[in-house]
Each structure stands twice: as structure tokens, then as C-alpha cells.
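Reviewing the structure listed below.
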Amino acid sequence: MKRVFTVGLCIFGMLLGPLFGLAYGDEGRNYFKVGVITSLSGDLATGGNVTKRGYDLWAQEVNRLGGIEIDGKKYPVKLVYADAQSEPSAGASAAERLATQEKVDFILGPYSSGVTLACAPVLEKYKIPMITGSAESPIIWKQKFRYTFGTIPPVNYTGSTPMKTLASLTPPPKTAIILGSNDAFSKATAEAFKASAEALGIKILKYDIVPQGQDLTPYMAVAKATRPDIIAFGGHDEELINLVKALRQINYTPKALLMHYGVTEPAFVEALGKDAEGVFGATVWTSTIPTHGEVLWPDAKSYAEAALKAFNVPADYTQAGSSAAGIAFQVALAQIKATPPLSPEEREALVEALEKINIRTFYGTVNFATEGQYYHANVGLTPLTVQIQNGHTAIVGPPEYAESPAIYPMKPWNQR
């Protein structure tokens, strides 16, 4: 019986060998081994799973078509996940394991900026290219990591747009309270909102960076007492939802409520229902923008349809940016004609190809900056202002992209 089992196992390996190179070891594998670091557990698991959907959808579509085509031959991709557990230290350990034990060819990067900042130095050490489809803190790009790229522009690139949209409304808002959670992304978001508001002549009544997970009710009580026209907050999923709940609890409705990431995530509307109506946010992608993709999906609509079919959840800009990260690697690999497993020289060539890339995708243009404060961040996209209207995300600015006029001021909670 043992001998039959052994023979059967060998046959099984021989059958899988042609697809994943299992019979030949890592040196002979004929598929790309792709490391993925994201938060699958912990406080940021909701966002981490959004990036996972984006990476998974890219890999599924590539493999459905036979793999990444290199010089006439196709090579499948295999994703190897490592849970960052929403902690930078765990993310760094995950990067170390993927580099030294899994020996991945390249990496699709974390959901959060803090974890990305922890992973990047590790990957610099091992010279493994990484593209994050999510992290947006300007600090990442100011460090000028050679091996780290991002498909979503940093918040100081996108954060001024929603304030400009609000300033254009009638009557224009004159005062604001701006808060941010104390993590790299959220703090940078609050800083971007503050700088933009000040440049537009909006008076800042209060600016504060608060501990992560802080009960925001006392801060909203201050807002009710000072009655700002705008309340702007930089934070993550649950914090954004809890802020709206806190305002609802004390029955204070500002003229405008501005956030960033999370407003376009389906979980935001699901958790808040009618209380999500009228909330403003910033994004670089929606399923309705007119894009023309050269690889995999021809436009934003077709990607959104594929995502909904695959996961039964509408795609947001983070999921889209994560899929676009895979496409960027795919195109760069084809350009340099690199086959798996990648040699150190091919990884260097991959970095150089990414620096030169300028492609149109369902997500928009992917074009990584090679100098300045946005070094290796994608600067090919146009920042958009969105607002939740009738349970859906609508583009309300800039004017040339607007799908509908902004609802302003917000409708009071008790009139919904």
C-alpha cells in the first residue's frame, strides 16, 4: 500500500510539474512566484482583503489567459501570501521570509503605509522589486526606495482636490476642523487637507492628530460647539464609520463631511446606510471613469463587472490599484523578456523597466515618477472628488469629470 501511495504521489507531481515546475525544483520552475504582503488579520484586515481581491483578480485573469506572455511563451503566476497582521514589524518579517525562504520573483505590496515603510528597507536589502497597490503616505516616496513602487498616488498629490471642490460650492465654506489618526497614511491625509484648506483661505478652527482607534465623540462634541462648515478626517475603514456614528449620536451635521479612503469602499455604505449620504471623499478611480486599457481589461466598467462576478462585492480604487500593480509587473516583464525564476540581473532590469513604463490600463495611466517628492509613485492619474449619493459613489469634481452636482450642505441626520 505504501509503495502504491508513493508511486501515485510521483505521478501527481509529474502531472503538476509542467504547470508549476514542481518536479524540477525552484531553479527549473516555469511560473512566476509572486509574493504578496498585506493585512489579512488585525485592525486593517478589511482594507487588506480589498488589496487581496485586487491581486487575486489579476492573477486569476492572467492564468485564465495562459499566463504572462514572454517572447511568445506563456508563464502562469502563483501568489504566495504573507499576513502582515496590520503590524509593521510583522510585515517586515513577512518580507524577510518571502525573500529568503520563498525566493519570490517580485512582490505585490501592503495595504497600509506603515507596513509598506517597514517592508521597503528589507526588500532594498534583498533587491526585490515591490509595487504596492494601496499605500499612500508621502513619506514612502520621499525615502526614494529603489525597489518600491506604488500605483496609487500619495495623499499630498490627491488630497488638495476635494478641498478645491468644496471651496467652489455656494456659499463657499469658511471654517474647518481637521483631524487625523496617528498613522503614516492618516496623518499625511490630515496634513494635505490642512495645507489645501489654508491655501484656499479656509480658517482652521482645530487641527489634531489623535491616537489610532480613539473614541471620536469628544472631538465631535467640540465640533458641535464651534460649528465648522467642514469636518475633515484622515483615517481608515472603521474609524471613518465611527466618526459618522459619533456625529449622528450627538446630532450635529456639518455643511460638509470630508474623508479620504474608505468612502468608496462598499463596507462604508453597508455599515452606515442613509447616514453615508452626502459624505465627500477623494479617489483616483471609479467604475464609471472613461479609461482605455491595453492589457487584460479594456476599461473601468469591464473591470468592475469582472470584480463583481468574482467576489460579489463592488470594486473600489484600492482593489483597482492592486490589480493595476500586477499589470505593471506583467508589462515590464514582457518588455525585458525575463523568464522565471528571475535572476538578480533580471530583477535589476525589471526595476529599470518599471521606471520607464507608461501604459494605459482600465485603472488609468500607470507612469512612475523617477525624481522628486513622488519618486516611484504613479503620477499618471487625475485626482477626483466623490460623494455618496443615493447609496453610490458619484464624481462631483473636478468639473470636467463631474457626473452630478455636489449635494451641499449635508442633509441633517434627523431628516433622512
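Ordered as shown in the C-alpha cells, chains take letters A, B, and onward, while each chain numbers its residues from 1 and ligands are numbered from 1 in the order shown.
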Please run DSSP on the backbone and report, as a tab-separated table (two decimals) with N, CA and C atoms, in the first residue's frame, all residues within stretch 236-369 of chain A that come out as strand (DSSP E).
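For reference, part.tsv as written:
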```
chain	number	residue	atom	x	y	z
A	256	ALA	N	-20.33	70.12	5.37
A	256	ALA	CA	-19.61	69.14	4.54
A	256	ALA	C	-18.78	68.24	5.44
A	257	LEU	N	-18.81	66.96	5.15
A	257	LEU	CA	-18.01	65.96	5.87
A	257	LEU	C	-17.09	65.30	4.86
A	258	LEU	N	-15.78	65.49	5.05
A	258	LEU	CA	-14.79	65.04	4.07
A	258	LEU	C	-13.88	63.98	4.67
A	280	PHE	N	-18.21	63.32	1.49
A	280	PHE	CA	-17.25	63.53	0.42
A	280	PHE	C	-16.00	62.68	0.64
A	281	GLY	N	-15.34	62.34	-0.46
A	281	GLY	CA	-14.08	61.61	-0.38
A	281	GLY	C	-13.20	61.93	-1.56
A	282	ALA	N	-12.00	61.38	-1.57
A	282	ALA	CA	-11.05	61.55	-2.66
A	282	ALA	C	-10.73	60.19	-3.25
A	283	THR	N	-10.51	60.15	-4.54
A	283	THR	CA	-10.18	58.89	-5.20
A	283	THR	C	-9.45	59.20	-6.50
A	359	ILE	N	1.86	53.12	-19.47
A	359	ILE	CA	0.84	52.30	-20.12
A	359	ILE	C	-0.57	52.74	-19.73
A	360	ARG	N	-1.49	52.52	-20.64
A	360	ARG	CA	-2.89	52.78	-20.36
A	360	ARG	C	-3.54	51.49	-19.88
A	361	THR	N	-4.24	51.58	-18.78
A	361	THR	CA	-4.92	50.42	-18.20
A	361	THR	C	-6.37	50.78	-17.90
A	364	GLY	N	-6.48	53.57	-15.56
A	364	GLY	CA	-5.90	54.83	-15.98
A	364	GLY	C	-4.44	54.62	-16.36
A	365	THR	N	-3.72	55.70	-16.54
A	365	THR	CA	-2.32	55.60	-16.94
A	365	THR	C	-1.45	55.24	-15.74
A	366	VAL	N	-0.53	54.30	-15.95
A	366	VAL	CA	0.47	53.96	-14.95
A	366	VAL	C	1.80	54.49	-15.45
```
Near stretch 108-113 of chain A, 10 Å: stretch 158-261 of chain A residue rows, closest pairs, only C-alpha atoms, as CSV:
```
residue,atom,partner,partner_atom,distance
A:Asp183,CA,A:Ser113,CA,8.1
A:Ala184,CA,A:Ser113,CA,5.9
A:Phe185,CA,A:Ser113,CA,5.6
A:Ser186,CA,A:Ser113,CA,9.1
A:His236,CA,A:Ser112,CA,9.4
```
Selected residues written out, N, CA and C atoms, as a PDB file, in the first residue's frame:
```pdb
ATOM      1  N   ASP A 183      -1.292  57.464  12.262  1.00  0.00           N
ATOM      2  CA  ASP A 183      -0.514  56.510  11.481  1.00  0.00           C
ATOM      3  C   ASP A 183      -0.051  57.248  10.232  1.00  0.00           C
ATOM      4  N   ALA A 184       0.886  56.657   9.502  1.00  0.00           N
ATOM      5  CA  ALA A 184       1.552  57.376   8.407  1.00  0.00           C
ATOM      6  C   ALA A 184       0.571  57.908   7.370  1.00  0.00           C
ATOM      7  N   PHE A 185      -0.344  57.067   6.900  1.00  0.00           N
ATOM      8  CA  PHE A 185      -1.296  57.487   5.872  1.00  0.00           C
ATOM      9  C   PHE A 185      -2.264  58.533   6.398  1.00  0.00           C
ATOM     10  N   SER A 186      -2.878  58.256   7.540  1.00  0.00           N
ATOM     11  CA  SER A 186      -3.927  59.128   8.063  1.00  0.00           C
ATOM     12  C   SER A 186      -3.384  60.504   8.427  1.00  0.00           C
ATOM     13  N   HIS A 236      -8.784  55.284   8.695  1.00  0.00           N
ATOM     14  CA  HIS A 236      -9.051  54.029   7.997  1.00  0.00           C
ATOM     15  C   HIS A 236     -10.481  53.573   8.269  1.00  0.00           C
TER      16      HIS A 236
END
```
Selection: 10 Å around A:Ala167, only C-alpha atoms, excl. self and same-chain fewer than 6 positions, as JSON, numbers by chain: {"A": [161, 173, 174, 197, 200, 201, 202]}
field: Residue nearest A:Leu381 among A:Ala95, A:Ile357, A:Val284, A:Ile336 (counting only C-alpha atoms)
entry: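 Under the stated criterion, the closest residue is A:Val284.
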message: Could you tell me how far atom CA of A:Ala334 sits from atom CA of A:Thr318, in Å to one decimal place?
response: 24.7 Å
field: Shell of 10 Å around A:Ser93, only C-alpha atoms, local chain residues under 2 positions omitted, as JSON, numbers by chain
entry: {"A": [82, 83, 84, 88, 89, 90, 91, 95, 96, 97, 98, 99, 118, 119, 122]}
- request: Select, from A:Ile152, A:Leu169, A:Ile140, A:Leu296, the residue with the minimum atom-to-atom distance to A:Pro399, counting only C-alpha atoms.
  value: A:Leu169
- request: Between A:Ile327, A:Val222, A:Leu79, A:Ala232, single out the one closest to A:Glu191, counting only C-alpha atoms.
  value: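 Going through A:Ile327, A:Val222, A:Leu79, A:Ala232 one by one, the smallest distance to A:Glu191 is for A:Ala232.
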task: Report as a ChimeraX atom specification: the residues of stretch 79-178 of chain A with a DSSP assignment of helix (DSSP H, G or I), based on the backbone of this structure.
output: /A:88-100,113-126,138-142,155-158,160-167
- prompt: Quick one, how far is atom CA of A:Arg29 from atom CA of A:Val50?
  reply: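 Computing the Euclidean distance for atom CA of A:Arg29 and atom CA of A:Val50 yields 29.4 Å.
Across the structure, atom CA of A:Ser343 and atom CA of A:Gly72 are spaced 20.0 Å apart.
Using only C-alpha atoms, the nearest neighbour of A:Thr46 within the list A:Gln85, A:Gly326, A:Leu272, A:Leu384 is A:Gln85.
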- prompt: Leaving out A:Tyr219 and any residue of its chain fewer than 4 positions from it, which residues lie within 10 Å of it when counting only C-alpha atoms, given as an MDAnalysis selection string?
  reply: chainID A and resid 177 179 206 208 210 214:215 223:224 243 246:247
Can I get the selection written as a PDB file, in the first residue's frame, with N, CA and C atoms?
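Final output, result-v9.pdb:
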```pdb
ATOM      1  N   ILE A 177     -12.676  72.007  10.819  1.00  0.00           N
ATOM      2  CA  ILE A 177     -11.948  71.236  11.831  1.00  0.00           C
ATOM      3  C   ILE A 177     -11.352  70.043  11.103  1.00  0.00           C
ATOM      4  N   LEU A 179      -8.960  66.547  11.529  1.00  0.00           N
ATOM      5  CA  LEU A 179      -8.371  65.549  12.417  1.00  0.00           C
ATOM      6  C   LEU A 179      -7.740  64.444  11.590  1.00  0.00           C
ATOM      7  N   LYS A 206      -9.652  73.945  14.399  1.00  0.00           N
ATOM      8  CA  LYS A 206      -8.936  72.973  15.215  1.00  0.00           C
ATOM      9  C   LYS A 206      -8.269  71.967  14.293  1.00  0.00           C
ATOM     10  N   ASP A 208      -5.850  68.403  14.796  1.00  0.00           N
ATOM     11  CA  ASP A 208      -5.316  67.493  15.809  1.00  0.00           C
ATOM     12  C   ASP A 208      -5.060  66.120  15.193  1.00  0.00           C
ATOM     13  N   VAL A 210      -4.923  62.308  16.401  1.00  0.00           N
ATOM     14  CA  VAL A 210      -5.447  61.577  17.548  1.00  0.00           C
ATOM     15  C   VAL A 210      -4.944  60.139  17.526  1.00  0.00           C
ATOM     16  N   GLN A 214      -9.122  55.891  18.620  1.00  0.00           N
ATOM     17  CA  GLN A 214      -9.642  56.784  19.649  1.00  0.00           C
ATOM     18  C   GLN A 214     -11.152  56.987  19.486  1.00  0.00           C
ATOM     19  N   ASP A 215     -11.870  57.052  20.609  1.00  0.00           N
ATOM     20  CA  ASP A 215     -13.284  57.414  20.580  1.00  0.00           C
ATOM     21  C   ASP A 215     -13.382  58.863  20.102  1.00  0.00           C
ATOM     22  N   ALA A 223     -16.623  69.981  17.918  1.00  0.00           N
ATOM     23  CA  ALA A 223     -17.079  70.457  16.608  1.00  0.00           C
ATOM     24  C   ALA A 223     -18.490  71.044  16.714  1.00  0.00           C
ATOM     25  N   LYS A 224     -19.355  70.389  17.472  1.00  0.00           N
ATOM     26  CA  LYS A 224     -20.724  70.886  17.627  1.00  0.00           C
ATOM     27  C   LYS A 224     -20.725  72.244  18.302  1.00  0.00           C
ATOM     28  N   LEU A 243     -16.676  57.799  13.056  1.00  0.00           N
ATOM     29  CA  LEU A 243     -16.804  59.249  13.070  1.00  0.00           C
ATOM     30  C   LEU A 243     -18.222  59.662  12.698  1.00  0.00           C
ATOM     31  N   ALA A 246     -20.510  58.913  15.516  1.00  0.00           N
ATOM     32  CA  ALA A 246     -20.353  59.876  16.615  1.00  0.00           C
ATOM     33  C   ALA A 246     -21.120  61.161  16.318  1.00  0.00           C
ATOM     34  N   LEU A 247     -21.050  61.642  15.095  1.00  0.00           N
ATOM     35  CA  LEU A 247     -21.796  62.844  14.714  1.00  0.00           C
ATOM     36  C   LEU A 247     -23.297  62.593  14.803  1.00  0.00           C
TER      37      LEU A 247
END
```
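Using only C-alpha atoms, the contacts of A:Tyr157 at a cut-off of 9 Å, with sequence neighbours closer than 4 positions omitted, comprise Pro138, Pro153, Thr161, Ala192, Tyr374, Val379 and Pro383 of chain A.
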Counting only C-alpha atoms, the option among A:His260, A:Lys125, A:Lys74, A:Lys142 closest to A:Gly180: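 Among the listed residues, A:His260 lies closest to A:Gly180.
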